[in-house]
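Participant: Below: one structure in structure tokens.
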Amino acid sequence: MTAPAASKTLFEKIIDREIPGDIVFEDDHCVAFRDINPGAPVHILLVPRKPIARLCDATADDQALLGHMMLVASQIAEQEGYGDAYRLVVNNGAAAGQSVFHLHLHIIAGRPLKWPPG
Ligand code: 5GP
């Protein structure tokens with residue numbers, strides 16, 4: 001008997017076009033779409049196709065993927081007109097604000113960004 005397939009994450013469903021998403025970029029490794037509840041004029045989520053739950057679940061095998069995502073995030077910020085002023089955020093774990101357990105980079109831009117964040 002085979003084990004039942006694990007259920008898809010919300011972001012896998014967006015990637016697979018099972019639920020709508022405003023997709024702004026995709027390649028073989030990752031997909032980016034606008035956050036449904038944006039915290040800034042530009043608020044995009046960059047998600048690996050591989051459903052890594054949290055950044056702390058990534059392994060050495062994911063090194064190239066994670067590096068690729070950083071470069072893609074920079075490219076997306078440039079595409080959005082904020083190549084020299086953007087913030088990348090990864091919330092790792094519920095206590096750090098993670099609510100969707102499929103690794104994602106928040107790409108935030110288009111307003112003054114204070115430091116430290118809340
Ligand atoms: P987290 O809190 O896990 O770091 O970020 C999850 C993000 O996903 C939140 O900013 C939230 O607004 C966004 N989000 C939740 N549900 C949806 C959805 O159905 N579609 C899109 N595009 N974003 C979503």
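Starting from 1 in every chain, residues are counted up; chains themselves are A, B, ... following the order of the structure tokens, and ligands are numbered from 1 as listed.
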Quick one: residues within 12 Å of segment 51-62 of chain A, only C-alpha atoms, excluding same-chain residues fewer than 5 positions away - as a PyMOL selection string?
Facilitator: chain A and resi 6-13+15+29-31+67-69+89-94+96-105
Participant: Write a file of the just-selected residues containing N, CA and C atoms, as a CSV table (one decimal), in the first residue's frame.
Facilitator:
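Final output, result-v5.csv:
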chain,number,residue,atom,x,y,z
A,6,ALA,N,0.8,13.8,0.4
A,6,ALA,CA,0.7,14.9,1.3
A,6,ALA,C,-0.1,16.0,0.7
A,7,SER,N,-1.0,16.7,1.5
A,7,SER,CA,-1.8,17.7,0.9
A,7,SER,C,-0.9,18.9,0.5
A,8,LYS,N,-1.3,19.6,-0.6
A,8,LYS,CA,-0.5,20.7,-1.1
A,8,LYS,C,-0.6,21.9,-0.2
A,9,THR,N,0.5,22.7,-0.2
A,9,THR,CA,0.4,24.0,0.5
A,9,THR,C,-0.4,24.9,-0.3
A,10,LEU,N,-0.9,26.0,0.4
A,10,LEU,CA,-1.6,27.1,-0.3
A,10,LEU,C,-0.8,27.6,-1.5
A,11,PHE,N,0.5,27.7,-1.3
A,11,PHE,CA,1.4,28.3,-2.3
A,11,PHE,C,1.6,27.3,-3.5
A,12,GLU,N,1.6,26.0,-3.2
A,12,GLU,CA,1.7,25.0,-4.3
A,12,GLU,C,0.4,25.2,-5.1
A,13,LYS,N,-0.7,25.4,-4.5
A,13,LYS,CA,-2.0,25.5,-5.3
A,13,LYS,C,-2.0,26.8,-6.2
A,15,ILE,N,0.9,28.1,-7.4
A,15,ILE,CA,1.9,27.7,-8.4
A,15,ILE,C,1.2,26.8,-9.5
A,29,HIS,N,12.5,27.0,-11.1
A,29,HIS,CA,12.8,26.8,-9.7
A,29,HIS,C,11.9,27.5,-8.8
A,30,CYS,N,11.3,28.7,-9.2
A,30,CYS,CA,10.5,29.5,-8.3
A,30,CYS,C,9.4,30.3,-9.0
A,31,VAL,N,8.5,30.7,-8.2
A,31,VAL,CA,7.4,31.5,-8.7
A,31,VAL,C,7.1,32.7,-7.8
A,67,GLY,N,20.3,30.5,-3.2
A,67,GLY,CA,21.1,31.6,-3.8
A,67,GLY,C,20.3,32.1,-5.1
A,68,HIS,N,19.8,31.2,-5.8
A,68,HIS,CA,19.0,31.6,-7.0
A,68,HIS,C,17.9,32.6,-6.6
A,69,MET,N,17.2,32.2,-5.5
A,69,MET,CA,16.0,33.0,-5.1
A,69,MET,C,16.5,34.5,-4.7
A,89,VAL,N,12.3,39.7,3.3
A,89,VAL,CA,12.0,39.2,4.7
A,89,VAL,C,11.6,37.7,4.6
A,90,VAL,N,12.2,36.9,5.5
A,90,VAL,CA,11.8,35.5,5.6
A,90,VAL,C,11.3,35.4,7.1
A,91,ASN,N,10.0,35.1,7.3
A,91,ASN,CA,9.5,34.7,8.6
A,91,ASN,C,9.7,33.2,8.8
A,92,ASN,N,10.5,32.9,9.8
A,92,ASN,CA,10.8,31.4,10.0
A,92,ASN,C,10.2,31.0,11.3
A,93,GLY,N,9.0,30.2,11.2
A,93,GLY,CA,8.3,29.7,12.3
A,93,GLY,C,7.2,30.6,12.8
A,94,ALA,N,6.2,30.0,13.4
A,94,ALA,CA,5.0,30.7,13.8
A,94,ALA,C,5.3,31.9,14.7
A,96,ALA,N,7.8,33.7,14.8
A,96,ALA,CA,8.4,34.8,14.0
A,96,ALA,C,7.5,35.4,13.0
A,97,GLY,N,6.2,34.9,13.0
A,97,GLY,CA,5.2,35.5,12.1
A,97,GLY,C,4.9,34.7,10.9
A,98,GLN,N,5.5,33.5,10.7
A,98,GLN,CA,5.2,32.7,9.6
A,98,GLN,C,3.8,32.1,9.7
A,99,SER,N,3.0,32.3,8.6
A,99,SER,CA,1.6,31.7,8.7
A,99,SER,C,1.4,30.7,7.5
A,100,VAL,N,2.2,30.8,6.5
A,100,VAL,CA,2.1,29.8,5.4
A,100,VAL,C,3.4,29.0,5.4
A,101,PHE,N,3.3,27.6,5.6
A,101,PHE,CA,4.5,26.8,5.8
A,101,PHE,C,4.9,26.2,4.5
A,102,HIS,N,5.3,27.2,3.6
A,102,HIS,CA,6.0,26.9,2.4
A,102,HIS,C,6.9,28.1,2.2
A,103,LEU,N,8.2,27.8,2.4
A,103,LEU,CA,9.2,28.9,2.4
A,103,LEU,C,8.9,30.0,1.3
A,104,HIS,N,9.0,31.2,1.8
A,104,HIS,CA,8.8,32.3,0.8
A,104,HIS,C,9.6,33.5,1.3
A,105,LEU,N,10.1,34.3,0.3
A,105,LEU,CA,10.7,35.6,0.5
A,105,LEU,C,9.7,36.6,0.3
Participant: Please provide as a PDB file with N, CA and C atoms, in the first residue's frame all residues within 10 Å of His43 of chain A, with the sequence filter that same-chain residues fewer than 3 positions apart are discarded (counting only C-alpha atoms).
Facilitator:
ATOM      1  N   PHE A  33       4.410  35.947  -6.839  1.00  0.00           N
ATOM      2  CA  PHE A  33       3.069  36.515  -7.032  1.00  0.00           C
ATOM      3  C   PHE A  33       2.834  37.566  -5.958  1.00  0.00           C
ATOM      4  N   ARG A  34       1.871  38.465  -6.241  1.00  0.00           N
ATOM      5  CA  ARG A  34       1.611  39.562  -5.311  1.00  0.00           C
ATOM      6  C   ARG A  34       0.896  39.045  -4.057  1.00  0.00           C
ATOM      7  N   ASP A  35       1.319  39.581  -2.909  1.00  0.00           N
ATOM      8  CA  ASP A  35       0.686  39.220  -1.639  1.00  0.00           C
ATOM      9  C   ASP A  35      -0.771  39.699  -1.650  1.00  0.00           C
ATOM     10  N   ILE A  36      -1.666  38.865  -1.159  1.00  0.00           N
ATOM     11  CA  ILE A  36      -3.097  39.196  -1.170  1.00  0.00           C
ATOM     12  C   ILE A  36      -3.412  40.331  -0.187  1.00  0.00           C
ATOM     13  N   ASN A  37      -2.553  40.538   0.778  1.00  0.00           N
ATOM     14  CA  ASN A  37      -2.764  41.573   1.804  1.00  0.00           C
ATOM     15  C   ASN A  37      -1.486  42.409   1.910  1.00  0.00           C
ATOM     16  N   PRO A  38      -1.230  43.241   0.896  1.00  0.00           N
ATOM     17  CA  PRO A  38       0.090  43.882   0.803  1.00  0.00           C
ATOM     18  C   PRO A  38       0.354  44.861   1.935  1.00  0.00           C
ATOM     19  N   GLY A  39       1.592  44.848   2.391  1.00  0.00           N
ATOM     20  CA  GLY A  39       2.025  45.765   3.432  1.00  0.00           C
ATOM     21  C   GLY A  39       2.777  46.955   2.874  1.00  0.00           C
ATOM     22  N   ALA A  40       2.837  47.063   1.568  1.00  0.00           N
ATOM     23  CA  ALA A  40       3.545  48.156   0.899  1.00  0.00           C
ATOM     24  C   ALA A  40       3.060  48.169  -0.552  1.00  0.00           C
ATOM     25  N   LEU A  46       8.026  35.419  -3.152  1.00  0.00           N
ATOM     26  CA  LEU A  46       8.833  34.573  -4.042  1.00  0.00           C
ATOM     27  C   LEU A  46       8.960  33.205  -3.383  1.00  0.00           C
ATOM     28  N   ALA A  77      12.618  43.069  -7.902  1.00  0.00           N
ATOM     29  CA  ALA A  77      12.583  44.432  -7.364  1.00  0.00           C
ATOM     30  C   ALA A  77      12.943  45.436  -8.465  1.00  0.00           C
ATOM     31  N   TYR A  86      14.690  48.115  -1.641  1.00  0.00           N
ATOM     32  CA  TYR A  86      13.691  47.086  -1.332  1.00  0.00           C
ATOM     33  C   TYR A  86      14.139  46.315  -0.104  1.00  0.00           C
ATOM     34  N   ARG A  87      13.198  45.602   0.490  1.00  0.00           N
ATOM     35  CA  ARG A  87      13.500  44.771   1.667  1.00  0.00           C
ATOM     36  C   ARG A  87      13.072  43.338   1.377  1.00  0.00           C
ATOM     37  N   LEU A  88      13.912  42.398   1.791  1.00  0.00           N
ATOM     38  CA  LEU A  88      13.572  40.966   1.721  1.00  0.00           C
ATOM     39  C   LEU A  88      13.374  40.463   3.141  1.00  0.00           C
ATOM     40  N   HIS A 106       9.505  37.522   1.237  1.00  0.00           N
ATOM     41  CA  HIS A 106       8.688  38.718   1.003  1.00  0.00           C
ATOM     42  C   HIS A 106       9.589  39.756   0.335  1.00  0.00           C
ATOM     43  N   ILE A 107       9.163  40.293  -0.789  1.00  0.00           N
ATOM     44  CA  ILE A 107       9.872  41.391  -1.454  1.00  0.00           C
ATOM     45  C   ILE A 107       8.994  42.628  -1.252  1.00  0.00           C
ATOM     46  N   ILE A 108       9.516  43.583  -0.491  1.00  0.00           N
ATOM     47  CA  ILE A 108       8.712  44.728  -0.053  1.00  0.00           C
ATOM     48  C   ILE A 108       9.398  46.012  -0.520  1.00  0.00           C
ATOM     49  N   ALA A 109       8.619  46.907  -1.107  1.00  0.00           N
ATOM     50  CA  ALA A 109       9.202  48.160  -1.610  1.00  0.00           C
ATOM     51  C   ALA A 109       8.091  49.161  -1.868  1.00  0.00           C
ATOM     52  N   GLY A 110       8.508  50.412  -2.139  1.00  0.00           N
ATOM     53  CA  GLY A 110       7.562  51.418  -2.598  1.00  0.00           C
ATOM     54  C   GLY A 110       7.106  52.383  -1.535  1.00  0.00           C
TER      55      GLY A 110
END
Participant: Residues of chain A in strand (DSSP E) according to DSSP, as a list in words?
Facilitator: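 Here are the strand (DSSP E) residues of chain A: Ile23, Val24, Phe25, Glu26, Cys30, Val31, Ala32, Phe33, Arg34, Val42, His43, Ile44, Leu45, Leu46, Val47, Pro48, Tyr86, Arg87, Leu88, Val89, Leu105, His106, Ile107, Ile108 and Ala109 of chain A.
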Participant: Quote the spacing between atom CA of Ala85 of chain A and atom 19 (O, counted along the ligand's line) of ligand 1 in Å to one decimal place.
Facilitator: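 It comes out at 26.1 Å.
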Participant: Just give me the gap between atom 17 (C, counted along the ligand's line) of ligand 1 and atom CA of Ala64 of chain A in Å, one decimal is fine.
Facilitator: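 These two atoms are separated by 26.3 Å.
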Participant: Compare A:Pro112, A:Pro41, A:Gly81, A:Pro48 by their minimum atom-to-atom distance to Asp28 of chain A, counting only C-alpha atoms, and give me the closest one.
Facilitator: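 Closest candidate: A:Pro48.
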Participant: State, in Å with one decimal place, the distance from atom CA of Gly83 of chain A to atom CA of Ile14 of chain A.
Facilitator: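 Separation between atom CA of Gly83 of chain A and atom CA of Ile14 of chain A: 25.6 Å.
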Participant: Give me the residues near Ala32 of chain A as a ChimeraX atom specification, where near means some atom within 7 Å (using only C-alpha atoms) and where sequence neighbours in that chain fewer than 2 positions away do not count.
Facilitator: /A:23-26,30,44-47
Participant: Keeping C-alpha atoms for every residue in the selection just given, could you write it to a file as a PDB file, in the first residue's frame?
Facilitator:
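Written output follows (result.pdb):
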ATOM      1  CA  ILE A  23       1.933  35.872 -10.818  1.00  0.00           C
ATOM      2  CA  VAL A  24       4.684  38.311 -11.792  1.00  0.00           C
ATOM      3  CA  PHE A  25       7.582  35.909 -12.422  1.00  0.00           C
ATOM      4  CA  GLU A  26       8.291  32.218 -12.795  1.00  0.00           C
ATOM      5  CA  CYS A  30      10.524  29.453  -8.255  1.00  0.00           C
ATOM      6  CA  ILE A  44       5.550  40.111  -3.672  1.00  0.00           C
ATOM      7  CA  LEU A  45       6.061  36.581  -2.402  1.00  0.00           C
ATOM      8  CA  LEU A  46       8.833  34.573  -4.042  1.00  0.00           C
ATOM      9  CA  VAL A  47       8.289  30.863  -3.488  1.00  0.00           C
TER      10      VAL A  47
END
Participant: Using only C-alpha atoms and all ligand atoms, find the one residue out of A:Asp27, A:Asp22, A:Glu78, A:Asp84 that sits nearest to ligand 1.
Facilitator: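 Going through A:Asp27, A:Asp22, A:Glu78, A:Asp84 one by one, the smallest distance to ligand 1 is for A:Asp22.
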